[in-house]
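Containing mmCIF, C-alpha atoms: work.cif.
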data_work
loop_
_atom_site.label_atom_id
_atom_site.label_comp_id
_atom_site.auth_asym_id
_atom_site.auth_seq_id
_atom_site.Cartn_x
_atom_site.Cartn_y
_atom_site.Cartn_z
CA VAL A 1 -5.98 -12.81 -11.32
CA VAL A 2 -3.80 -15.13 -9.28
CA TRP A 3 -2.53 -18.68 -9.16
CA LEU A 4 -3.09 -21.13 -6.34
CA GLY A 5 0.61 -22.03 -6.23
CA ASP A 6 1.54 -18.57 -4.93
CA PRO A 7 2.07 -18.80 -1.12
CA VAL A 8 0.59 -15.33 -0.53
CA TRP A 9 -2.63 -16.30 -2.26
CA LYS A 10 -2.70 -19.62 -0.43
CA ARG A 11 -3.08 -17.59 2.76
CA ILE A 12 -5.69 -15.33 1.21
CA VAL A 13 -7.84 -18.18 -0.02
CA ARG A 14 -8.08 -19.60 3.51
CA HIS A 15 -9.82 -16.43 4.70
CA PRO A 16 -13.50 -17.13 5.56
CA ASP A 17 -14.76 -14.44 3.19
CA VAL A 18 -12.79 -15.70 0.20
CA PHE A 19 -14.21 -18.39 -2.05
CA VAL A 20 -12.49 -20.31 -4.82
CA TRP A 21 -14.76 -20.03 -7.83
CA ASP A 22 -13.82 -22.52 -10.51
CA GLU A 23 -17.08 -22.93 -12.39
CA TRP A 24 -16.68 -20.91 -15.59
CA GLU A 25 -16.35 -22.91 -18.80
CA PRO A 26 -14.95 -22.95 -21.36
CA ARG A 27 -11.75 -21.75 -19.73
CA ASN A 28 -10.52 -19.57 -22.58
CA GLN A 29 -13.79 -17.73 -23.11
CA ARG A 30 -13.98 -14.09 -22.12
CA VAL A 31 -16.26 -13.43 -19.14
CA CYS A 32 -18.64 -10.51 -18.69
CA VAL A 33 -20.45 -10.24 -15.35
CA VAL A 34 -23.77 -8.45 -15.84
CA TYR A 35 -25.30 -6.41 -12.99
CA PRO A 36 -28.02 -6.46 -11.77
CA GLN A 37 -29.13 -9.23 -14.13
CA LEU A 38 -29.23 -10.27 -17.76
CA PRO A 39 -31.79 -8.20 -19.68
CA PRO A 40 -34.50 -9.90 -21.76
CA ARG A 41 -33.38 -10.87 -25.25
CA GLY A 42 -34.30 -8.34 -27.89
CA SER A 43 -34.76 -5.51 -25.38
CA ASP A 44 -33.04 -2.13 -25.58
CA ALA A 45 -31.06 -3.09 -22.48
CA ALA A 46 -29.84 -6.27 -24.21
CA ARG A 47 -28.72 -4.27 -27.24
CA ARG A 48 -26.82 -1.86 -24.97
CA LEU A 49 -25.06 -4.82 -23.38
CA ASP A 50 -24.10 -6.29 -26.75
CA ARG A 51 -22.73 -2.94 -27.91
CA TRP A 52 -20.66 -2.70 -24.74
CA ALA A 53 -19.28 -6.23 -24.37
CA ILE A 54 -16.51 -7.86 -26.37
CA PRO A 55 -18.05 -10.15 -29.04
CA GLY A 56 -18.24 -13.76 -27.92
CA SER A 57 -18.20 -12.96 -24.20
CA LEU A 58 -19.76 -15.42 -21.76
CA TYR A 59 -22.41 -13.44 -19.85
CA ILE A 60 -22.64 -14.20 -16.13
CA ASP A 61 -25.93 -13.13 -14.53
CA TYR A 62 -25.14 -11.58 -11.15
CA HIS A 63 -28.69 -11.84 -9.81
CA HIS A 64 -28.96 -15.58 -10.43
CA ASN A 65 -25.45 -16.52 -9.28
CA ALA A 66 -25.29 -17.31 -5.57
CA THR A 67 -21.49 -17.27 -5.53
CA LEU A 68 -21.42 -13.67 -6.66
CA ARG A 69 -24.32 -12.50 -4.51
CA GLU A 70 -23.44 -13.91 -1.09
CA PRO A 71 -19.71 -13.77 -0.27
CA HIS A 72 -17.88 -10.55 0.41
CA THR A 73 -15.05 -11.64 -1.86
CA VAL A 74 -14.85 -13.91 -4.88
CA PHE A 75 -11.42 -15.40 -5.54
CA VAL A 76 -10.73 -16.34 -9.16
CA PRO A 77 -7.69 -18.67 -9.43
CA THR A 78 -7.61 -18.81 -13.24
CA ARG A 79 -6.77 -16.39 -16.06
CA GLN A 80 -10.37 -15.67 -17.01
CA LEU A 81 -10.17 -12.08 -15.71
CA PHE A 82 -6.71 -11.35 -17.07
CA ASP A 83 -7.62 -7.85 -18.10
CA HIS A 84 -8.87 -4.53 -16.76
CA TYR A 85 -11.75 -5.06 -14.36
CA TYR A 86 -13.84 -2.45 -16.15
CA THR A 87 -13.96 -4.47 -19.37
CA HIS A 88 -15.43 -7.50 -17.57
CA PHE A 89 -18.13 -6.02 -15.32
CA TYR A 90 -21.17 -4.46 -16.95
CA PHE A 91 -23.55 -2.17 -15.07
CA ASP A 92 -26.66 -0.99 -16.86
CA ASP A 93 -26.81 2.05 -14.57
CA ALA A 94 -24.25 4.64 -15.76
CA GLU A 95 -24.12 6.25 -12.32
CA LEU A 96 -23.18 2.92 -10.78
CA VAL A 97 -20.36 2.55 -13.29
CA THR A 98 -19.01 5.89 -12.12
CA GLU A 99 -19.36 4.89 -8.46
CA VAL A 100 -17.41 1.66 -9.03
CA ASN A 101 -14.64 3.43 -10.95
CA ARG A 102 -14.46 6.09 -8.25
CA MET A 103 -14.23 3.42 -5.55
CA VAL A 104 -11.33 1.70 -7.35
CA ARG A 105 -9.58 5.04 -7.80
CA ASP A 106 -9.90 5.97 -4.15
CA HIS A 107 -9.26 2.61 -2.47
CA VAL A 108 -7.13 0.45 -4.77
CA ARG A 109 -3.94 2.45 -4.68
CA TYR A 110 -0.28 2.38 -3.71
CA VAL A 111 0.64 2.66 -0.05
CA GLU A 112 1.33 6.21 1.10
CA ARG A 113 5.09 5.87 1.41
CA VAL A 114 5.41 5.28 -2.35
CA TYR A 115 3.84 8.70 -2.94
CA THR A 116 6.16 10.21 -0.34
CA TYR A 117 9.29 8.81 -2.01
CA ALA A 118 8.13 9.95 -5.45
CA ALA A 119 7.27 13.44 -4.17
CA GLN A 120 10.83 13.85 -2.88
CA ILE A 121 12.18 13.18 -6.37
CA VAL A 122 9.60 15.34 -8.16
CA ALA A 123 10.52 18.21 -5.84
CA MET A 124 14.11 17.96 -7.09
CA LEU A 125 13.10 18.06 -10.77
CA PRO A 126 12.34 21.21 -12.80
CA ARG A 127 8.81 22.52 -12.45
CA THR A 128 8.00 21.40 -16.01
CA TYR A 129 9.30 18.19 -17.56
CA ASN A 130 8.16 15.48 -19.95
CA ALA A 131 8.44 11.74 -19.34
CA ALA A 132 8.77 8.50 -21.25
CA HIS A 133 8.71 4.84 -20.26
CA ILE A 134 11.00 2.69 -22.37
CA ARG A 135 10.46 -1.02 -21.67
CA ARG A 136 13.45 -3.23 -22.39
CA GLY A 137 14.84 -6.09 -20.28
CA ASP A 138 12.77 -9.28 -20.29
CA PHE A 139 9.83 -7.77 -22.22
CA GLN A 140 8.42 -10.64 -24.26
CA TYR A 141 7.55 -8.51 -27.30
CA LYS A 142 11.01 -8.26 -28.85
CA ASP A 143 9.81 -6.25 -31.85
CA ILE A 144 9.13 -3.50 -29.30
CA SER A 145 11.84 -3.98 -26.67
CA LEU A 146 14.68 -4.19 -29.19
CA VAL A 147 13.86 -1.04 -31.16
CA PRO A 148 17.14 0.95 -31.35
CA ALA A 149 17.38 3.94 -29.06
CA GLN A 150 17.93 6.36 -31.95
CA LYS A 151 14.72 5.19 -33.62
CA LEU A 152 12.79 5.87 -30.41
CA VAL A 153 14.39 9.31 -30.14
CA ASP A 154 13.35 10.09 -33.71
CA ASN A 155 9.79 8.85 -33.09
CA MET A 156 9.32 10.94 -29.95
CA ARG A 157 11.08 14.12 -31.00
CA PRO A 158 8.16 15.79 -32.90
CA ALA A 159 6.04 15.68 -29.72
CA LEU A 160 8.65 16.60 -27.11
CA ASN A 161 10.23 20.02 -26.96
CA THR A 162 13.97 19.39 -26.68
CA ASN A 163 14.32 22.41 -24.38
CA VAL A 164 12.00 20.78 -21.82
CA PRO A 165 13.76 18.33 -19.47
CA LEU A 166 12.92 14.66 -20.01
CA TRP A 167 12.49 11.92 -17.40
CA ILE A 168 13.12 8.43 -18.76
CA ALA A 169 11.80 5.45 -16.82
CA THR A 170 13.41 2.29 -18.10
CA ASP A 171 14.49 -1.15 -16.99
CA GLU A 172 17.49 -1.03 -19.36
CA ARG A 173 20.54 -1.84 -17.23
CA ASN A 174 23.05 -0.25 -19.57
CA VAL A 175 23.16 3.34 -18.32
CA SER A 176 24.59 4.53 -21.65
CA PHE A 177 21.29 3.59 -23.32
CA VAL A 178 19.86 7.05 -22.57
CA ASP A 179 22.84 8.81 -24.18
CA ALA A 180 20.86 8.98 -27.42
CA TRP A 181 18.38 11.26 -25.64
CA ARG A 182 21.07 13.22 -23.79
CA LYS A 183 22.50 14.29 -27.16
CA VAL A 184 19.16 15.85 -28.11
CA TYR A 185 17.43 17.10 -24.96
CA ARG A 186 18.59 19.94 -22.74
CA LYS A 187 18.46 17.69 -19.68
CA VAL A 188 17.63 14.01 -19.21
CA TYR A 189 16.91 12.40 -15.85
CA THR A 190 16.63 8.75 -14.82
CA LEU A 191 16.07 7.06 -11.50
CA HIS A 192 19.77 6.19 -11.52
CA ASP A 193 20.50 9.91 -11.01
CA PHE A 194 18.64 9.80 -7.69
CA ARG A 195 20.08 6.60 -6.23
CA ASP A 196 21.70 8.53 -3.35
CA THR A 197 18.38 10.18 -2.52
CA LEU A 198 16.58 6.82 -2.54
CA THR A 199 19.29 5.34 -0.32
CA PHE A 200 18.98 8.28 2.10
CA LEU A 201 15.19 7.82 2.18
CA LYS A 202 15.69 4.07 2.76
CA ALA A 203 13.30 3.35 -0.09
CA PRO A 204 13.08 -0.42 -0.70
CA LYS A 205 14.27 -1.42 -4.17
CA LYS A 206 11.07 -3.39 -4.70
CA LEU A 207 9.24 -0.02 -4.79
CA TYR A 208 11.51 1.65 -7.36
CA GLY A 209 9.22 0.80 -10.26
CA LEU A 210 6.19 2.27 -8.50
CA ILE A 211 8.16 5.39 -7.63
CA GLU A 212 9.09 5.83 -11.30
CA GLN A 213 5.46 5.49 -12.30
CA LEU A 214 4.46 8.30 -9.96
CA VAL A 215 7.26 10.54 -11.21
CA CYS A 216 5.95 9.99 -14.75
CA THR A 217 2.44 10.96 -13.67
CA GLN A 218 3.56 14.51 -12.96
CA ALA A 219 5.04 15.14 -16.39
CA LYS A 220 3.56 17.62 -18.83
CA LEU A 221 3.42 14.90 -21.50
CA PHE A 222 3.96 11.17 -21.12
CA ILE A 223 4.90 8.68 -23.84
CA GLY A 224 4.79 4.99 -22.97
CA THR A 225 5.69 1.61 -24.46
CA ARG A 226 3.16 -0.26 -26.56
CA LEU A 227 1.73 -3.41 -24.87
CA SER A 228 3.23 -2.41 -21.51
CA THR A 229 0.80 -2.51 -18.59
CA PHE A 230 3.39 -0.48 -16.63
CA SER A 231 2.92 2.35 -19.14
CA GLY A 232 -0.83 1.84 -19.15
CA TYR A 233 -1.17 2.31 -15.41
CA ILE A 234 0.82 5.55 -15.58
CA THR A 235 -1.76 6.84 -18.04
CA ARG A 236 -4.62 5.81 -15.76
CA LEU A 237 -2.98 7.50 -12.77
CA ARG A 238 -2.51 10.66 -14.82
CA GLY A 239 -6.22 10.54 -15.54
CA TYR A 240 -7.03 10.13 -11.86
CA MET A 241 -4.81 13.12 -11.10
CA HIS A 242 -6.40 15.36 -13.78
CA MET A 243 -3.17 15.99 -15.63
CA GLY A 244 -3.54 18.23 -18.66
CA ASN A 245 -2.87 15.53 -21.25
CA THR A 246 -4.01 11.99 -20.46
CA GLU A 247 -3.88 10.56 -23.97
CA THR A 248 -2.17 7.25 -24.80
CA TYR A 249 1.06 7.64 -26.79
CA PHE A 250 3.76 5.09 -27.65
CA SER A 251 7.45 5.60 -28.35
CA THR A 252 7.36 3.00 -31.12
CA ASP A 253 4.92 5.19 -33.09
CA ASP A 254 5.95 8.18 -35.17
CA ALA A 255 4.76 11.15 -33.12
CA ALA A 256 4.45 13.29 -36.23
CA GLN A 257 1.67 11.01 -37.46
CA TRP A 258 -0.39 10.99 -34.26
CA LEU A 259 -0.02 14.73 -33.88
CA VAL A 260 -1.54 15.18 -37.34
CA ARG A 261 -4.28 12.68 -36.48
CA GLU A 262 -5.15 14.63 -33.33
CA MET A 263 -5.34 17.87 -35.30
CA GLN A 264 -7.73 16.27 -37.77
CA LEU A 265 -9.88 14.14 -35.47
CA GLY A 266 -9.38 15.55 -31.99
CA LYS A 267 -8.00 13.66 -29.02
CA GLU A 268 -9.22 10.14 -28.43
CA GLY A 269 -11.26 11.00 -25.37
CA GLU A 270 -13.08 13.72 -27.29
CA ARG A 271 -14.24 11.07 -29.75
CA ALA A 272 -15.59 8.78 -27.04
CA ASN A 273 -19.15 7.54 -27.54
CA GLU A 274 -20.95 6.70 -24.29
CA ARG A 275 -22.87 3.97 -26.12
CA ARG A 276 -19.65 2.36 -27.30
CA PRO A 277 -16.60 2.15 -24.98
CA LEU A 278 -13.22 3.14 -26.36
CA TRP A 279 -11.90 -0.42 -26.20
CA LYS A 280 -14.40 -1.37 -28.92
CA ASN A 281 -12.39 0.74 -31.37
CA GLY A 282 -10.08 -2.04 -32.52
CA TYR A 283 -8.81 -3.33 -29.15
CA GLU A 284 -11.32 -6.14 -28.58
CA SER A 285 -8.71 -8.91 -28.58
CA MET A 286 -6.12 -7.10 -26.42
CA THR A 287 -7.90 -4.70 -24.09
CA TRP A 288 -5.27 -5.41 -21.43
CA ALA A 289 -2.57 -3.82 -23.58
CA ARG A 290 -3.42 -0.23 -22.62
CA GLU A 291 -5.78 1.84 -20.49
CA PHE A 292 -8.91 3.62 -21.67
CA LYS A 293 -10.39 6.97 -20.69
CA ASP A 294 -13.71 5.32 -19.87
CA VAL A 295 -12.28 4.37 -16.44
CA TYR A 296 -10.81 7.68 -15.31
CA GLU A 297 -12.75 10.50 -16.92
CA LYS A 298 -15.74 12.29 -15.41
CA LEU A 299 -15.38 10.71 -11.96
CA GLU A 300 -15.95 13.88 -9.99
CA ARG A 301 -19.45 14.24 -8.61
CA ASN A 302 -20.09 17.53 -10.41
CA ALA A 303 -18.64 16.41 -13.73
CA LYS A 304 -20.77 16.86 -16.83
CA ARG A 305 -21.68 13.60 -18.52
#

Could the structure of this file be written out as structure tokens, please?
Amino acid sequence: VVWLGDPVWKRIVRHPDVFVWDEWEPRNQRVCVVYPQLPPRGSDAARRLDRWAIPGSLYIDYHHNATLREPHTVFVPTRQLFDHYYTHFYFDDAELVTEVNRMVRDHVRYVERVYTYAAQIVAMLPRTYNAAHIRRGDFQYKDISLVPAQKLVDNMRPALNTNVPLWIATDERNVSFVDAWRKVYRKVYTLHDFRDTLTFLKAPKKLYGLIEQLVCTQAKLFIGTRLSTFSGYITRLRGYMHMGNTETYFSTDDAAQWLVREMQLGKEGERANERRPLWKNGYESMTWAREFKDVYEKLERNAKR
């Protein structure tokens, strides 16, 4: 989702294959594009769609919408798709859903040099480490960003072996912020520890955040920040990379409680119902706030469904 005032997007919108589509009303209603077309009311297909979509969504029929069918690209200059793409586009064919998710995984990705920079840092870390993303700075949700460091340490400690090194990705500018973890864990690393390496590699500072994400993807266990899309994308990447644990965990939650919940109910992905996507389990109003296993599991061609 982009805004017409952005100069980069002004250039994009002038491309012959890009169309400004400004026809959806009302503006604040959630949109669900249905492919190949809207099923007849009362049919089994219609009931599947209703089970899948967020209640109150505005259904857009792909087959009967010339704007969607003809151009190579549709440019949406409003906030109507401010969310994960996979919660807005419905495909009745499960195999097609997998194909689309696989295409996004394989072709919508960071440029290769970001992976190269991150690999250099990972190679300098211990073979096994855990990781956490602690969002601070200008994060708008102050009840999350201002949680004291010691409280976060206490929340995370039941899930993270203190003898296993910990990587902390954070935008906190006060380097002493991580001292609370250094007092507990055998070894704590941050990107600040590798500033000389990044300088030597001539890594642009604008890529530092992406590099940190990729370092977090290689951790044995990752704990993120609630409502952070930065944390969410790390989880999705871990899913793409088939890491051992791709669950969603937050540092503001007491790890002891979610460990007990997992023992009793199993991991979230193991409870997934193909007839009901995971975001329908209480996340209908804020699906953007985290990632869901529906988009990154079972993408390999020989995977069991």

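Put simply, atom CA of A:Val215 is 23.3 Å away from atom CA of A:Met103.
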
Residues returned when the PyMOL selection byres ((chain A and resi 156-167) around 6) runs on this file, as a VMD selection string
chain A and resid 129 to 131 153 to 155 168 185 to 190 251 255 to 256

Apply the PyMOL selection byres ((chain A and resi 124) around 12) to the file shown and report the selected residues as an NGL selection string.
:A and (117-123 or 125-129 or 189 or 191 or 193-194 or 197 or 215)

Take the residues from that selection and put them in a file with C-alpha atoms, as a tab-separated table (two decimals), in the frame of the given file.
chain	number	residue	atom	x	y	z
A	117	TYR	CA	9.29	8.81	-2.01
A	118	ALA	CA	8.13	9.95	-5.45
A	119	ALA	CA	7.27	13.44	-4.17
A	120	GLN	CA	10.83	13.85	-2.88
A	121	ILE	CA	12.18	13.18	-6.37
A	122	VAL	CA	9.60	15.34	-8.16
A	123	ALA	CA	10.52	18.21	-5.84
A	125	LEU	CA	13.10	18.06	-10.77
A	126	PRO	CA	12.34	21.21	-12.80
A	127	ARG	CA	8.81	22.52	-12.45
A	128	THR	CA	8.00	21.40	-16.01
A	129	TYR	CA	9.30	18.19	-17.56
A	189	TYR	CA	16.91	12.40	-15.85
A	191	LEU	CA	16.07	7.06	-11.50
A	193	ASP	CA	20.50	9.91	-11.01
A	194	PHE	CA	18.64	9.80	-7.69
A	197	THR	CA	18.38	10.18	-2.52
A	215	VAL	CA	7.26	10.54	-11.21

re atom CA of A:Ala169 and atom CA of A:His242: distance 20.9 Å

Would you kindly translate the PyMOL selection byres ((chain A and resi 113) around 12) into the concrete residues it picks from this file, as a PyMOL selection string?
chain A and resi 109-112+114-120+201-204+207-208+210-211+214

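Taking atom CA of A:Gly266 as the reference point, atom CA of A:Arg226 is found at 20.9 Å.
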
Shell around stretch 57-68 of chain A at 6 Å using all atoms listed in the file, local window under 4 positions removed, as a ChimeraX atom specification
/A:30-38

Could you write those residues out with C-alpha atoms, as a short mmCIF file (atom, residue, chain, number, x, y, z; two decimals), in the coordinates of the input?
data_model
loop_
_atom_site.label_atom_id
_atom_site.label_comp_id
_atom_site.auth_asym_id
_atom_site.auth_seq_id
_atom_site.Cartn_x
_atom_site.Cartn_y
_atom_site.Cartn_z
CA ARG A 30 -13.98 -14.09 -22.12
CA VAL A 31 -16.26 -13.43 -19.14
CA CYS A 32 -18.64 -10.51 -18.69
CA VAL A 33 -20.45 -10.24 -15.35
CA VAL A 34 -23.77 -8.45 -15.84
CA TYR A 35 -25.30 -6.41 -12.99
CA PRO A 36 -28.02 -6.46 -11.77
CA GLN A 37 -29.13 -9.23 -14.13
CA LEU A 38 -29.23 -10.27 -17.76
#

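Residues with any atom within 9 Å of A:Leu227, counting only C-alpha atoms and excluding same-chain neighbours fewer than 5 positions away, are A:Tyr141, A:Ile144, A:Gly232, A:Met286, A:Trp288, A:Ala289, A:Arg290.
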
Residue contacts of A:Leu237 (12 Å, only C-alpha atoms) excluding same-chain residues fewer than 2 positions away, as a ChimeraX atom specification
/A:104-106,108-110,210,213-219,222,230-235,239-243,245-247,291-293,295-297

Around (-28.2, -2.8, -21.8), as given in the file, which residues come within 10 Å? Count all atoms listed in the file and list them as a short mmCIF file (atom, residue, chain, number, x, y, z; two decimals) with C-alpha atoms, in the coordinates of the input.
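Wrote result_24.cif, looks like this:
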data_model
loop_
_atom_site.label_atom_id
_atom_site.label_comp_id
_atom_site.auth_asym_id
_atom_site.auth_seq_id
_atom_site.Cartn_x
_atom_site.Cartn_y
_atom_site.Cartn_z
CA VAL A 34 -23.77 -8.45 -15.84
CA TYR A 35 -25.30 -6.41 -12.99
CA LEU A 38 -29.23 -10.27 -17.76
CA PRO A 39 -31.79 -8.20 -19.68
CA PRO A 40 -34.50 -9.90 -21.76
CA SER A 43 -34.76 -5.51 -25.38
CA ASP A 44 -33.04 -2.13 -25.58
CA ALA A 45 -31.06 -3.09 -22.48
CA ALA A 46 -29.84 -6.27 -24.21
CA ARG A 47 -28.72 -4.27 -27.24
CA ARG A 48 -26.82 -1.86 -24.97
CA LEU A 49 -25.06 -4.82 -23.38
CA ASP A 50 -24.10 -6.29 -26.75
CA ARG A 51 -22.73 -2.94 -27.91
CA TRP A 52 -20.66 -2.70 -24.74
CA ALA A 53 -19.28 -6.23 -24.37
CA TYR A 90 -21.17 -4.46 -16.95
CA PHE A 91 -23.55 -2.17 -15.07
CA ASP A 92 -26.66 -0.99 -16.86
CA ASP A 93 -26.81 2.05 -14.57
CA ARG A 275 -22.87 3.97 -26.12
#

Pick from A:Thr252, A:Lys205, A:Asp17, A:Asp171, whichever lies nearest to A:Asp143 using all atoms listed in the file:
A:Thr252

Residue completion, stretch 30-43 of chain A, N, CA, C and O atoms, as a PDB file, in the coordinates of the input:
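Just written: result_9.pdb:
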ATOM      1  N   ARG A  30     -13.974 -15.332 -22.861  1.00  0.00           N
ATOM      2  CA  ARG A  30     -13.980 -14.090 -22.120  1.00  0.00           C
ATOM      3  C   ARG A  30     -15.268 -13.987 -21.296  1.00  0.00           C
ATOM      4  O   ARG A  30     -16.350 -14.318 -21.764  1.00  0.00           O
ATOM      5  N   VAL A  31     -15.131 -13.505 -20.066  1.00  0.00           N
ATOM      6  CA  VAL A  31     -16.260 -13.430 -19.140  1.00  0.00           C
ATOM      7  C   VAL A  31     -16.730 -11.991 -18.987  1.00  0.00           C
ATOM      8  O   VAL A  31     -15.927 -11.064 -18.880  1.00  0.00           O
ATOM      9  N   CYS A  32     -18.044 -11.809 -18.957  1.00  0.00           N
ATOM     10  CA  CYS A  32     -18.640 -10.510 -18.690  1.00  0.00           C
ATOM     11  C   CYS A  32     -19.717 -10.692 -17.627  1.00  0.00           C
ATOM     12  O   CYS A  32     -20.734 -11.350 -17.864  1.00  0.00           O
ATOM     13  N   VAL A  33     -19.476 -10.153 -16.439  1.00  0.00           N
ATOM     14  CA  VAL A  33     -20.450 -10.240 -15.350  1.00  0.00           C
ATOM     15  C   VAL A  33     -21.442  -9.101 -15.505  1.00  0.00           C
ATOM     16  O   VAL A  33     -21.046  -7.931 -15.568  1.00  0.00           O
ATOM     17  N   VAL A  34     -22.724  -9.431 -15.569  1.00  0.00           N
ATOM     18  CA  VAL A  34     -23.770  -8.450 -15.840  1.00  0.00           C
ATOM     19  C   VAL A  34     -24.536  -8.138 -14.551  1.00  0.00           C
ATOM     20  O   VAL A  34     -25.051  -9.049 -13.895  1.00  0.00           O
ATOM     21  N   TYR A  35     -24.603  -6.851 -14.203  1.00  0.00           N
ATOM     22  CA  TYR A  35     -25.300  -6.410 -12.990  1.00  0.00           C
ATOM     23  C   TYR A  35     -26.392  -5.408 -13.386  1.00  0.00           C
ATOM     24  O   TYR A  35     -26.172  -4.524 -14.199  1.00  0.00           O
ATOM     25  N   PRO A  36     -27.614  -5.511 -12.818  1.00  0.00           N
ATOM     26  CA  PRO A  36     -28.020  -6.460 -11.770  1.00  0.00           C
ATOM     27  C   PRO A  36     -28.390  -7.836 -12.296  1.00  0.00           C
ATOM     28  O   PRO A  36     -28.312  -8.803 -11.562  1.00  0.00           O
ATOM     29  N   GLN A  37     -28.801  -7.935 -13.563  1.00  0.00           N
ATOM     30  CA  GLN A  37     -29.130  -9.230 -14.130  1.00  0.00           C
ATOM     31  C   GLN A  37     -29.181  -9.120 -15.651  1.00  0.00           C
ATOM     32  O   GLN A  37     -29.215  -8.021 -16.208  1.00  0.00           O
ATOM     33  N   LEU A  38     -29.166 -10.277 -16.304  1.00  0.00           N
ATOM     34  CA  LEU A  38     -29.230 -10.270 -17.760  1.00  0.00           C
ATOM     35  C   LEU A  38     -30.553  -9.696 -18.232  1.00  0.00           C
ATOM     36  O   LEU A  38     -31.609 -10.088 -17.749  1.00  0.00           O
ATOM     37  N   PRO A  39     -30.531  -8.771 -19.169  1.00  0.00           N
ATOM     38  CA  PRO A  39     -31.790  -8.200 -19.680  1.00  0.00           C
ATOM     39  C   PRO A  39     -32.477  -9.174 -20.627  1.00  0.00           C
ATOM     40  O   PRO A  39     -31.829 -10.074 -21.173  1.00  0.00           O
ATOM     41  N   PRO A  40     -33.768  -9.020 -20.833  1.00  0.00           N
ATOM     42  CA  PRO A  40     -34.500  -9.900 -21.760  1.00  0.00           C
ATOM     43  C   PRO A  40     -33.931  -9.768 -23.172  1.00  0.00           C
ATOM     44  O   PRO A  40     -33.560  -8.691 -23.611  1.00  0.00           O
ATOM     45  N   ARG A  41     -33.888 -10.888 -23.872  1.00  0.00           N
ATOM     46  CA  ARG A  41     -33.380 -10.870 -25.250  1.00  0.00           C
ATOM     47  C   ARG A  41     -34.241  -9.955 -26.118  1.00  0.00           C
ATOM     48  O   ARG A  41     -35.455  -9.942 -26.009  1.00  0.00           O
ATOM     49  N   GLY A  42     -33.588  -9.216 -26.983  1.00  0.00           N
ATOM     50  CA  GLY A  42     -34.300  -8.340 -27.890  1.00  0.00           C
ATOM     51  C   GLY A  42     -34.659  -6.986 -27.317  1.00  0.00           C
ATOM     52  O   GLY A  42     -35.139  -6.115 -28.040  1.00  0.00           O
ATOM     53  N   SER A  43     -34.419  -6.788 -26.026  1.00  0.00           N
ATOM     54  CA  SER A  43     -34.760  -5.510 -25.380  1.00  0.00           C
ATOM     55  C   SER A  43     -33.689  -4.464 -25.678  1.00  0.00           C
ATOM     56  O   SER A  43     -32.570  -4.786 -26.101  1.00  0.00           O
TER      57      SER A  43
END
